[in-house]
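Novice: Handing over data00.cif, mmCIF, C-alpha atoms.
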```
data_final
#
loop_
_atom_site.label_atom_id
_atom_site.label_comp_id
_atom_site.auth_asym_id
_atom_site.auth_seq_id
_atom_site.Cartn_x
_atom_site.Cartn_y
_atom_site.Cartn_z
CA MET P 1 143.35 37.48 19.61
CA ALA P 2 143.90 38.74 23.19
CA LEU P 3 142.79 35.38 24.64
CA ALA P 4 145.13 33.54 22.28
CA ASN P 5 148.04 35.75 23.37
CA ILE P 6 147.27 35.08 27.02
CA ALA P 7 147.17 31.33 26.36
CA ARG P 8 150.45 31.41 24.42
CA ASN P 9 152.19 33.45 27.10
CA PHE P 10 150.93 31.09 29.79
CA GLU P 11 152.10 28.04 27.81
CA ASP P 12 155.53 29.57 27.15
CA GLY P 13 156.00 30.57 30.78
CA LEU P 14 154.98 27.14 32.06
CA ASN P 15 157.30 25.47 29.59
CA ARG P 16 160.28 27.65 30.61
CA ARG P 17 159.74 26.84 34.27
CA ASN P 18 159.51 23.13 33.48
CA ILE P 19 162.78 23.23 31.52
CA VAL P 20 164.59 24.82 34.49
CA ARG P 21 163.10 22.30 36.90
CA LEU P 22 163.93 19.31 34.68
CA ARG P 23 167.50 20.50 34.06
CA GLU P 24 168.01 20.60 37.82
CA ARG P 25 166.98 16.94 37.86
CA GLY P 26 169.57 16.08 35.20
CA TRP P 27 167.24 15.95 32.21
CA GLU P 28 168.42 17.16 28.81
CA PRO P 29 166.96 17.90 25.36
CA ARG P 30 166.12 14.85 23.27
CA LEU P 31 165.30 14.93 19.56
CA THR P 32 162.65 12.78 17.91
CA GLY P 33 162.91 12.62 14.12
CA TYR P 34 159.94 12.36 11.78
CA THR P 35 160.04 11.05 8.23
CA GLY P 36 161.12 13.83 5.86
CA TYR P 37 160.53 14.11 2.15
CA GLY P 38 161.49 16.06 -0.91
CA SER P 39 162.68 16.20 -4.47
CA VAL P 40 166.18 15.94 -5.89
CA HIS P 41 166.34 19.73 -5.52
CA ALA P 42 165.01 20.34 -2.00
CA ALA P 43 163.84 18.30 0.97
CA LYS P 44 162.05 18.80 4.29
CA VAL P 45 163.73 17.63 7.49
CA LEU P 46 161.33 17.25 10.43
CA ALA P 47 161.96 16.65 14.15
CA ARG P 48 161.05 17.84 17.63
CA ALA P 49 163.05 18.53 20.80
CA ILE P 50 161.60 17.74 24.23
CA MET P 51 163.13 17.34 27.67
CA ALA P 52 163.91 13.73 28.59
CA ASP P 53 165.54 11.76 31.38
CA PRO P 54 168.83 10.33 30.04
CA LYS P 55 168.29 7.30 32.29
CA ASP P 56 165.14 6.36 30.39
CA ASP P 57 165.14 3.91 27.50
CA GLU P 58 166.53 5.18 24.25
CA PRO P 59 164.05 7.41 22.41
CA PHE P 60 162.17 6.36 19.33
CA SER P 61 164.52 7.00 16.44
CA LEU P 62 164.71 5.78 12.90
CA PRO P 63 167.62 3.72 11.53
CA PHE P 64 169.57 4.40 8.39
CA LEU P 65 167.65 3.65 5.22
CA PRO P 66 169.41 2.30 2.15
CA ASN P 67 168.31 3.48 -1.26
CA THR P 68 165.17 1.48 -2.00
CA ALA P 69 161.95 1.97 -3.91
CA HIS P 70 160.21 4.34 -1.52
CA SER P 71 156.70 3.19 -2.39
CA LEU P 72 157.38 -0.32 -1.10
CA PRO P 73 157.64 -1.55 2.51
CA SER P 74 161.28 -2.67 2.30
CA GLN P 75 162.98 -4.59 5.07
CA SER P 76 164.38 -1.33 6.41
CA MET P 77 160.92 0.20 6.52
CA ARG P 78 159.66 -2.86 8.39
CA GLU P 79 162.45 -2.35 10.90
CA ILE P 80 161.30 1.25 11.35
CA ALA P 81 157.75 0.12 12.00
CA GLN P 82 158.93 -2.51 14.48
CA LEU P 83 160.88 0.18 16.30
CA ALA P 84 157.70 2.25 16.40
CA ALA P 85 155.82 -0.74 17.81
CA ASP P 86 158.39 -1.20 20.56
CA ASN P 87 158.20 2.49 21.38
CA ALA P 88 154.41 2.45 21.54
CA GLU P 89 154.46 -0.56 23.85
CA LYS P 90 156.89 1.18 26.20
CA ALA P 91 154.56 4.16 26.28
CA GLN P 92 151.79 1.91 27.65
CA ARG P 93 148.51 3.69 26.83
CA GLY P 94 150.19 6.66 25.20
CA TRP P 95 149.64 9.28 27.89
CA ARG P 96 153.35 10.15 28.07
CA GLN P 97 153.23 11.38 24.48
CA PHE P 98 151.21 14.44 25.45
CA PHE P 99 152.75 15.35 28.82
CA THR P 100 156.01 16.69 27.41
CA THR P 101 158.13 19.79 27.83
CA GLN P 102 159.24 21.09 24.46
CA VAL P 103 162.57 22.86 24.01
CA GLY P 104 161.99 25.98 21.95
CA TYR P 105 164.72 27.94 20.17
CA LEU P 106 167.27 25.16 20.71
CA PRO P 107 170.28 25.51 18.35
CA VAL P 108 170.66 22.42 16.16
CA THR P 109 172.80 21.41 13.19
CA VAL P 110 171.14 19.51 10.34
CA GLU P 111 173.20 17.40 7.93
CA LEU P 112 171.57 16.08 4.76
CA GLY P 113 173.58 15.01 1.74
CA ASP P 114 175.96 17.79 0.73
CA ARG P 115 174.44 20.36 3.08
CA THR P 116 175.06 21.24 6.71
CA ILE P 117 172.77 23.91 8.14
CA SER P 118 172.66 25.54 11.55
CA THR P 119 169.19 26.49 12.72
CA ARG P 120 166.95 26.52 15.81
CA THR P 121 163.79 24.76 16.86
CA ASP P 122 160.66 26.93 16.86
CA ARG P 123 158.80 27.98 20.01
CA SER P 124 157.14 24.55 20.20
CA GLY P 125 160.41 22.66 19.80
CA TYR P 126 159.95 21.68 16.15
CA VAL P 127 162.52 21.52 13.37
CA ASP P 128 160.81 22.09 10.01
CA LEU P 129 163.68 22.85 7.67
CA LEU P 130 163.77 23.04 3.88
CA VAL P 131 167.20 21.91 2.67
CA GLU P 132 168.05 22.98 -0.88
CA GLY P 133 170.92 21.64 -2.97
CA HIS P 134 171.36 18.46 -0.92
CA GLY P 135 172.66 16.51 -3.95
CA LEU P 136 170.83 13.27 -3.12
CA GLU P 137 169.51 10.75 -5.63
CA PRO P 138 165.91 9.41 -5.49
CA GLY P 139 165.32 6.88 -2.74
CA TRP P 140 165.59 6.73 1.05
CA HIS P 141 168.34 8.63 2.84
CA GLU P 142 168.98 9.86 6.36
CA ALA P 143 169.41 13.28 7.92
CA ARG P 144 171.50 13.75 11.06
CA ILE P 145 170.33 16.35 13.57
CA THR P 146 172.68 17.43 16.35
CA PRO P 147 171.47 19.71 19.17
CA VAL P 148 173.81 22.07 21.02
CA ALA P 149 172.90 20.10 24.16
CA GLY P 150 171.91 16.44 24.14
CA GLU P 151 172.51 13.53 21.80
CA PRO P 152 172.21 13.65 17.97
CA THR P 153 169.55 11.67 16.15
CA THR P 154 168.96 10.47 12.61
CA THR P 155 165.73 10.49 10.66
CA PRO P 156 164.80 9.12 7.21
CA VAL P 157 164.15 11.37 4.24
CA MET P 158 162.26 10.17 1.17
CA ILE P 159 163.59 11.72 -2.04
CA VAL P 160 161.00 11.34 -4.77
CA SER P 161 162.12 10.54 -8.30
CA PRO P 162 161.69 13.34 -10.85
CA GLU P 163 160.23 10.65 -13.11
CA ALA P 164 157.31 10.05 -10.73
CA THR P 165 154.02 11.32 -12.15
CA THR P 166 151.56 9.80 -9.68
CA GLY P 167 151.19 10.23 -5.92
CA LEU P 168 148.64 9.50 -3.20
CA VAL P 169 147.49 11.59 -0.24
CA SER P 170 145.39 9.84 2.41
CA ASP P 171 143.50 11.10 5.42
CA ILE P 172 143.86 8.97 8.59
CA ASP P 173 140.88 9.07 10.98
CA ASP P 174 137.69 7.59 9.47
CA THR P 175 139.62 6.89 6.25
CA ILE P 176 142.11 4.19 7.24
CA VAL P 177 141.23 3.99 10.97
CA VAL P 178 137.74 3.20 12.26
CA THR P 179 136.91 5.91 14.80
CA TRP P 180 133.43 5.32 16.28
CA LEU P 181 133.82 8.16 18.77
CA PRO P 182 132.76 11.81 18.92
CA ARG P 183 135.41 13.94 17.26
CA ALA P 184 135.96 15.92 20.48
CA MET P 185 136.95 12.70 22.28
CA LEU P 186 139.12 11.29 19.50
CA ALA P 187 142.46 12.70 20.65
CA ALA P 188 141.96 11.57 24.22
CA TYR P 189 140.89 8.12 23.02
CA HIS P 190 143.92 7.67 20.79
CA SER P 191 146.34 9.06 23.34
CA PHE P 192 145.18 7.91 26.74
CA VAL P 193 143.08 4.79 26.20
CA LEU P 194 143.89 2.69 23.20
CA HIS P 195 146.99 0.76 22.25
CA THR P 196 147.93 1.05 18.58
CA ASN P 197 147.41 -2.65 17.92
CA MET P 198 143.81 -2.32 19.14
CA ARG P 199 142.86 0.34 16.60
CA GLN P 200 140.64 -1.13 13.90
CA PRO P 201 141.54 -0.52 10.23
CA VAL P 202 138.90 0.38 7.69
CA PRO P 203 138.39 -2.90 5.81
CA GLY P 204 140.01 -3.17 2.40
CA MET P 205 141.90 0.12 2.35
CA ALA P 206 145.35 -1.51 2.15
CA SER P 207 144.37 -3.60 -0.89
CA PHE P 208 142.66 -0.57 -2.46
CA TYR P 209 145.87 1.46 -2.16
CA ARG P 210 147.98 -1.39 -3.53
CA ASP P 211 145.73 -1.75 -6.57
CA LEU P 212 145.63 1.99 -7.14
CA LEU P 213 149.44 2.22 -7.20
CA SER P 214 150.29 -1.15 -8.75
CA ALA P 215 151.28 0.40 -12.08
CA THR P 216 153.34 3.18 -10.49
CA PRO P 217 155.80 1.66 -7.98
CA ASP P 218 157.66 4.97 -7.62
CA ALA P 219 154.52 6.81 -6.46
CA PRO P 220 155.02 8.62 -3.12
CA VAL P 221 152.36 8.19 -0.43
CA PHE P 222 151.59 10.82 2.21
CA TYR P 223 149.24 10.67 5.20
CA LEU P 224 147.63 14.06 5.85
CA SER P 225 145.85 14.52 9.16
CA THR P 226 144.91 17.12 11.74
CA GLY P 227 146.26 14.73 14.38
CA ALA P 228 149.15 15.81 16.61
CA TRP P 229 152.78 14.86 16.02
CA ASN P 230 152.76 13.27 19.47
CA VAL P 231 151.08 10.13 18.07
CA TYR P 232 153.50 9.81 15.14
CA SER P 233 155.22 6.61 16.24
CA THR P 234 151.99 4.83 17.14
CA MET P 235 150.35 5.75 13.83
CA LEU P 236 153.44 4.60 11.93
CA ASN P 237 153.09 1.27 13.70
CA PHE P 238 149.40 1.10 12.76
CA ILE P 239 150.18 1.78 9.10
CA GLN P 240 152.81 -0.96 8.95
CA HIS P 241 150.82 -3.45 11.03
CA ASN P 242 147.90 -3.19 8.62
CA GLU P 243 150.12 -3.38 5.50
CA LEU P 244 149.33 0.10 4.26
CA PRO P 245 152.04 1.74 2.13
CA ILE P 246 154.76 3.48 4.16
CA GLY P 247 155.10 7.21 3.63
CA PRO P 248 155.64 10.53 5.44
CA MET P 249 152.93 11.84 7.73
CA LEU P 250 151.88 15.48 7.60
CA LEU P 251 150.55 16.09 11.09
CA THR P 252 150.15 19.25 13.14
CA ASP P 253 150.79 20.77 16.55
CA TRP P 254 148.06 21.61 19.00
CA GLY P 255 147.73 24.70 21.12
CA PRO P 256 147.39 28.47 20.78
CA THR P 257 148.57 30.37 17.72
CA PRO P 258 149.01 34.11 17.06
CA THR P 259 145.44 34.19 15.70
CA GLY P 260 143.51 31.76 17.88
CA LEU P 261 143.41 29.24 20.70
CA PHE P 262 143.64 26.29 18.30
CA ARG P 263 145.08 25.68 14.87
CA SER P 264 142.66 25.32 11.97
CA GLY P 265 142.55 21.75 10.72
CA GLN P 266 141.17 22.86 7.36
CA GLU P 267 143.94 25.39 6.84
CA HIS P 268 146.55 22.80 7.81
CA LYS P 269 145.30 20.41 5.15
CA LYS P 270 144.95 23.08 2.48
CA THR P 271 148.46 24.39 3.14
CA GLN P 272 150.09 20.96 3.09
CA LEU P 273 148.32 19.98 -0.14
CA ARG P 274 149.52 23.13 -1.88
CA ASN P 275 153.04 22.56 -0.57
CA LEU P 276 153.01 19.13 -2.23
CA LEU P 277 151.86 20.65 -5.53
CA ILE P 278 154.74 23.11 -5.38
CA MET P 279 157.44 20.62 -4.37
CA PHE P 280 156.39 17.97 -6.93
CA PRO P 281 155.20 19.87 -10.02
CA ASN P 282 155.10 16.75 -12.25
CA ILE P 283 152.87 14.64 -10.02
CA GLN P 284 149.12 14.10 -10.34
CA TRP P 285 147.54 13.11 -7.03
CA TYR P 286 144.98 10.63 -5.83
CA LEU P 287 143.20 12.28 -2.89
CA ILE P 288 141.68 9.84 -0.41
CA GLY P 289 139.44 10.86 2.49
CA ASP P 290 135.97 10.54 3.99
CA ASP P 291 132.77 12.56 3.97
CA GLY P 292 132.55 12.98 7.74
CA GLN P 293 134.47 16.24 8.05
CA HIS P 294 135.92 18.63 5.47
CA ASP P 295 137.77 16.35 3.04
CA PRO P 296 135.14 16.62 0.25
CA LEU P 297 135.25 20.42 0.35
CA ILE P 298 139.04 20.65 0.64
CA TYR P 299 139.65 18.18 -2.18
CA ASP P 300 136.97 19.77 -4.34
CA ASP P 301 138.48 23.23 -3.92
CA LEU P 302 141.93 21.95 -4.84
CA ALA P 303 140.63 20.10 -7.89
CA ARG P 304 138.75 23.17 -9.11
CA GLU P 305 141.84 25.34 -8.75
CA TYR P 306 144.29 22.75 -10.16
CA PRO P 307 142.23 20.20 -12.15
CA HIS P 308 145.30 19.00 -14.07
CA ARG P 309 147.04 18.10 -10.77
CA VAL P 310 144.31 15.89 -9.30
CA ARG P 311 144.08 12.45 -10.86
CA GLY P 312 141.05 11.38 -8.87
CA ILE P 313 139.23 11.60 -5.54
CA ALA P 314 138.08 8.65 -3.42
CA LEU P 315 135.79 9.24 -0.44
CA ARG P 316 134.77 6.77 2.21
CA THR P 317 131.08 7.35 2.96
CA LEU P 318 130.28 7.16 6.66
CA ASN P 319 127.01 5.70 7.91
CA PRO P 320 124.58 8.00 9.80
CA VAL P 321 125.93 7.00 13.22
CA GLU P 322 129.52 7.72 12.14
CA GLN P 323 128.40 11.04 10.67
CA VAL P 324 126.83 12.09 13.98
CA LEU P 325 129.98 11.11 15.87
CA SER P 326 132.13 12.95 13.35
CA HIS P 327 130.37 16.31 13.19
CA GLY P 328 127.02 16.16 14.96
CA THR P 329 124.52 15.53 12.15
CA PRO P 330 123.59 12.38 10.18
CA ASP P 331 124.25 14.05 6.83
CA PRO P 332 127.62 14.16 5.01
CA THR P 333 129.53 17.41 5.33
CA ALA P 334 129.60 17.72 1.54
CA ALA P 335 125.84 18.17 1.57
CA HIS P 336 126.40 21.65 2.96
CA ARG P 337 127.56 22.74 -0.50
CA LYS P 338 125.51 21.57 -3.44
CA ASP P 339 128.25 22.14 -6.04
CA CYS P 340 130.77 19.97 -4.17
CA ASP P 341 131.26 17.56 -7.05
CA ILE P 342 134.20 18.28 -9.31
CA GLU P 343 133.40 15.23 -11.43
CA GLY P 344 131.56 17.41 -13.90
CA GLU P 345 134.83 19.28 -14.47
CA GLY P 346 136.72 16.13 -15.47
CA VAL P 347 138.16 14.93 -12.15
CA PRO P 348 136.68 11.49 -11.35
CA ILE P 349 135.23 10.78 -7.90
CA ILE P 350 134.42 7.41 -6.38
CA ARG P 351 132.60 6.72 -3.12
CA GLY P 352 132.26 3.61 -1.00
CA THR P 353 131.66 2.50 2.56
CA ASP P 354 135.07 0.83 2.80
CA GLY P 355 138.15 -0.09 0.80
CA HIS P 356 136.49 -3.07 -0.82
CA GLU P 357 133.79 -0.91 -2.41
CA LEU P 358 136.33 1.70 -3.44
CA ARG P 359 138.59 -1.00 -4.91
CA ALA P 360 135.71 -2.26 -7.06
CA LYS P 361 135.32 1.24 -8.50
CA ALA P 362 139.03 2.04 -8.82
CA ARG P 363 139.04 1.73 -12.62
CA ARG P 364 137.16 5.01 -12.82
CA LEU P 365 140.22 6.76 -11.40
CA SER P 366 142.62 5.39 -14.03
#
```
Give the structure from the file, written as structure tokens.

Specialist:
Amino acid sequence: MALANIARNFEDGLNRRNIVRLRERGWEPRLTGYTGYGSVHAAKVLARAIMADPKDDEPFSLPFLPNTAHSLPSQSMREIAQLAADNAEKAQRGWRQFFTTQVGYLPVTVELGDRTISTRTDRSGYVDLLVEGHGLEPGWHEARITPVAGEPTTTPVMIVSPEATTGLVSDIDDTIVVTWLPRAMLAAYHSFVLHTNMRQPVPGMASFYRDLLSATPDAPVFYLSTGAWNVYSTMLNFIQHNELPIGPMLLTDWGPTPTGLFRSGQEHKKTQLRNLLIMFPNIQWYLIGDDGQHDPLIYDDLAREYPHRVRGIALRTLNPVEQVLSHGTPDPTAAHRKDCDIEGEGVPIIRGTDGHELRAKARRLS
């Protein structure tokens, strides 16, 4: 606890000094919007404020989205992904995404539908606002976020139909993206070395997802990962480039917290999954992940607690080399708990080495 407090105080002090220095150079706060989501009753608006040089190229921002079926990659969604691709290319190898100065406690005004709310960014510069009573119909809409200093930005918000009864949550690394690196090196690899268009997709996952959701075109898709928000635009580009369904990403922030030096990836995933259950009480979820880290345990726990809310679980099985790179041993993480198989309780589970094998077994999830 004491070490975490020291680290947080050091980070906050360094960030304050950087803001003063950058303001003297003419820099100002710049907002980056992330895809929001919600129901017809309440929606999440997500963004982050960092210091930026106004002489630089325009920041990555998302254009207005007309009302379209949110489970399909409409022309507008393709434009979003192209914008993400352009942004990733400008960032070269991605190192700029992590060397940022966040603007904490910045007053902002959020406009979504019928609501206008004044709030502030948190200590890390994030806007994570729940907007109730927005009055929006199902489909894609936009939120406008205006800082007290700097230019406003817009960001898309996916409003899920109350008629939707099926949804999909997918992990990212080792599930839709081939990693082949030790987990400790993964962030550096994604951020400092590899262009988005060089990341290799797990074969067959896009067609597996399309088949799984073919009968439910209004099904929302979410990507749940312990990855940092800094790689949002590049991962959005990867998803579109490989024809995976477009949907909000539920990422996290790195760095010290009130209880530790680093945030818990497991707790992040558990919290976000339960938030989805609360926000969309009529939806049963497909949970897609891999057996290299904690997905089997997290999904199993959720299915045991809410068996009527989990429609099925699909796990990509990593080979022994991938297992070692993922967590240090050649055995799947699930092997650490012998009862990690909810199938006996009525929730179907399928396993396969890639999307093609999972697609062949998809009928078991219907």

Novice: Tell me, in Å to one decimal, how far atom CA of P:Leu112 is from atom CA of P:Arg144.

Specialist: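 Atom-to-atom, atom CA of P:Leu112 to atom CA of P:Arg144, that is 6.7 Å.
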
Novice: Got a sec to check which residues sit within 10 Å of (164.7, 24.1, 17.6), counting only C-alpha atoms, and write them as JSON, numbers by chain?

Specialist: {"P": [31, 47, 48, 49, 50, 102, 103, 104, 105, 106, 107, 108, 109, 119, 120, 121, 122, 123, 124, 125, 126, 127, 128, 147, 148]}

Novice: Applied to the shown file, which residues does the PyMOL selection byres ((chain P and resi 272) around 12) return, written as a ChimeraX atom specification?

Specialist: /P:169,222-226,249-252,265-271,273-279,298,302

Novice: Using only C-alpha atoms, find the one residue out of P:Pro156, P:Ser118, P:Ser207, P:Ser39 that sits nearest to P:Leu136.

Specialist: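 Using only C-alpha atoms, the shortest distance to P:Leu136 belongs to P:Ser39.
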
Novice: Grab the atom CA of P:Pro54 to atom CA of P:Tyr34 distance for me, in Å with one decimal place.

Specialist: 20.4 Å

Novice: Separation of atom CA of P:Val202 and atom CA of P:Thr175, in Å?

Specialist: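 Computed distance, atom CA of P:Val202 to atom CA of P:Thr175, equals 6.7 Å.
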
Novice: Taking the file above as input, evaluate the PyMOL selection byres ((chain P and resi 348) around 7) and report the hits as a list in words.

Specialist: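 This file gives the following for the PyMOL selection byres ((chain P and resi 348) around 7): Gly312, Ile313, Glu343, Gly346, Val347, Ile349, Ile350, Arg364 and Leu365 of chain P.
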
Novice: If we count all atoms listed in the file and set the cut-off at 12 Å, which residues sit around P:Ser214, ignoring sequence neighbours fewer than 3 positions away in its own chain? Please answer as a PDB file with C-alpha atoms, in the coordinates of the input.

Specialist:
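The file below, selection-v3.pdb, is the result:
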```pdb
ATOM      1  CA  SER P  71     156.700   3.190  -2.390  1.00  0.00           C
ATOM      2  CA  LEU P  72     157.380  -0.320  -1.100  1.00  0.00           C
ATOM      3  CA  THR P 166     151.560   9.800  -9.680  1.00  0.00           C
ATOM      4  CA  GLY P 167     151.190  10.230  -5.920  1.00  0.00           C
ATOM      5  CA  ALA P 206     145.350  -1.510   2.150  1.00  0.00           C
ATOM      6  CA  SER P 207     144.370  -3.600  -0.890  1.00  0.00           C
ATOM      7  CA  PHE P 208     142.660  -0.570  -2.460  1.00  0.00           C
ATOM      8  CA  TYR P 209     145.870   1.460  -2.160  1.00  0.00           C
ATOM      9  CA  ARG P 210     147.980  -1.390  -3.530  1.00  0.00           C
ATOM     10  CA  ASP P 211     145.730  -1.750  -6.570  1.00  0.00           C
ATOM     11  CA  PRO P 217     155.800   1.660  -7.980  1.00  0.00           C
ATOM     12  CA  ASP P 218     157.660   4.970  -7.620  1.00  0.00           C
ATOM     13  CA  ALA P 219     154.520   6.810  -6.460  1.00  0.00           C
ATOM     14  CA  PRO P 245     152.040   1.740   2.130  1.00  0.00           C
ATOM     15  CA  ALA P 362     139.030   2.040  -8.820  1.00  0.00           C
ATOM     16  CA  SER P 366     142.620   5.390 -14.030  1.00  0.00           C
TER      17      SER P 366
END
```

Novice: Taking the file as shown, what set of residues would the PyMOL selection byres ((chain P and resi 114) around 12) give back, as a list in words?

Specialist: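 In the shown coordinates, the PyMOL selection byres ((chain P and resi 114) around 12) covers Val40, His41, Ala42, Val110, Glu111, Leu112, Gly113, Arg115, Thr116, Ile117, Val131, Glu132, Gly133, His134, Gly135, Leu136, Glu137, Glu142, Ala143 and Arg144 of chain P.
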
Novice: Could you check which of P:Met51, P:Tyr286, P:Val45, P:Asp253 is closest to P:Val231, using only C-alpha atoms?

Specialist: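 Once distances to P:Val231 are computed over only C-alpha atoms, the minimum belongs to P:Asp253.
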
Novice: Counting only C-alpha atoms, write as a short mmCIF file (atom, residue, chain, number, x, y, z; two decimals) with C-alpha atoms, in the coordinates of the input all protein and nucleic acid residues lying at most 8 Å from (144.7, 15.5, -9.6) in the file's frame.

Specialist:
```
data_model
loop_
_atom_site.label_atom_id
_atom_site.label_comp_id
_atom_site.auth_asym_id
_atom_site.auth_seq_id
_atom_site.Cartn_x
_atom_site.Cartn_y
_atom_site.Cartn_z
CA GLN P 284 149.12 14.10 -10.34
CA TRP P 285 147.54 13.11 -7.03
CA TYR P 286 144.98 10.63 -5.83
CA LEU P 287 143.20 12.28 -2.89
CA ALA P 303 140.63 20.10 -7.89
CA TYR P 306 144.29 22.75 -10.16
CA PRO P 307 142.23 20.20 -12.15
CA HIS P 308 145.30 19.00 -14.07
CA ARG P 309 147.04 18.10 -10.77
CA VAL P 310 144.31 15.89 -9.30
CA ARG P 311 144.08 12.45 -10.86
CA GLY P 312 141.05 11.38 -8.87
CA ILE P 313 139.23 11.60 -5.54
CA VAL P 347 138.16 14.93 -12.15
#
```

Novice: Model the absent atoms of stretch 201-213 of chain P so that N, CA and C atoms are present, and write the result as an mmCIF file, in the coordinates of the input.

Specialist:
```cif
data_model
loop_
_atom_site.group_PDB
_atom_site.id
_atom_site.type_symbol
_atom_site.label_atom_id
_atom_site.label_comp_id
_atom_site.auth_asym_id
_atom_site.auth_seq_id
_atom_site.Cartn_x
_atom_site.Cartn_y
_atom_site.Cartn_z
ATOM 1 N N PRO P 201 141.403 -1.119 11.563
ATOM 2 C CA PRO P 201 141.540 -0.520 10.230
ATOM 3 C C PRO P 201 140.216 -0.537 9.484
ATOM 4 N N VAL P 202 140.040 0.414 8.609
ATOM 5 C CA VAL P 202 138.900 0.380 7.690
ATOM 6 C C VAL P 202 139.113 -0.782 6.733
ATOM 7 N N PRO P 203 138.187 -1.711 6.639
ATOM 8 C CA PRO P 203 138.390 -2.900 5.810
ATOM 9 C C PRO P 203 138.720 -2.554 4.359
ATOM 10 N N GLY P 204 139.714 -3.244 3.821
ATOM 11 C CA GLY P 204 140.010 -3.170 2.400
ATOM 12 C C GLY P 204 140.828 -1.993 1.934
ATOM 13 N N MET P 205 141.188 -1.065 2.823
ATOM 14 C CA MET P 205 141.900 0.120 2.350
ATOM 15 C C MET P 205 143.312 -0.225 1.881
ATOM 16 N N ALA P 206 143.987 -1.156 2.554
ATOM 17 C CA ALA P 206 145.350 -1.510 2.150
ATOM 18 C C ALA P 206 145.351 -2.101 0.738
ATOM 19 N N SER P 207 144.417 -3.006 0.445
ATOM 20 C CA SER P 207 144.370 -3.600 -0.890
ATOM 21 C C SER P 207 143.927 -2.575 -1.931
ATOM 22 N N PHE P 208 143.069 -1.640 -1.545
ATOM 23 C CA PHE P 208 142.660 -0.570 -2.460
ATOM 24 C C PHE P 208 143.858 0.288 -2.843
ATOM 25 N N TYR P 209 144.689 0.652 -1.872
ATOM 26 C CA TYR P 209 145.870 1.460 -2.160
ATOM 27 C C TYR P 209 146.862 0.689 -3.022
ATOM 28 N N ARG P 210 147.045 -0.590 -2.726
ATOM 29 C CA ARG P 210 147.980 -1.390 -3.530
ATOM 30 C C ARG P 210 147.524 -1.460 -4.977
ATOM 31 N N ASP P 211 146.244 -1.692 -5.198
ATOM 32 C CA ASP P 211 145.730 -1.750 -6.570
ATOM 33 C C ASP P 211 145.883 -0.417 -7.276
ATOM 34 N N LEU P 212 145.598 0.655 -6.542
ATOM 35 C CA LEU P 212 145.630 1.990 -7.140
ATOM 36 C C LEU P 212 147.040 2.342 -7.617
ATOM 37 N N LEU P 213 148.060 1.853 -6.892
ATOM 38 C CA LEU P 213 149.440 2.220 -7.200
ATOM 39 C C LEU P 213 150.239 1.097 -7.843
#
```
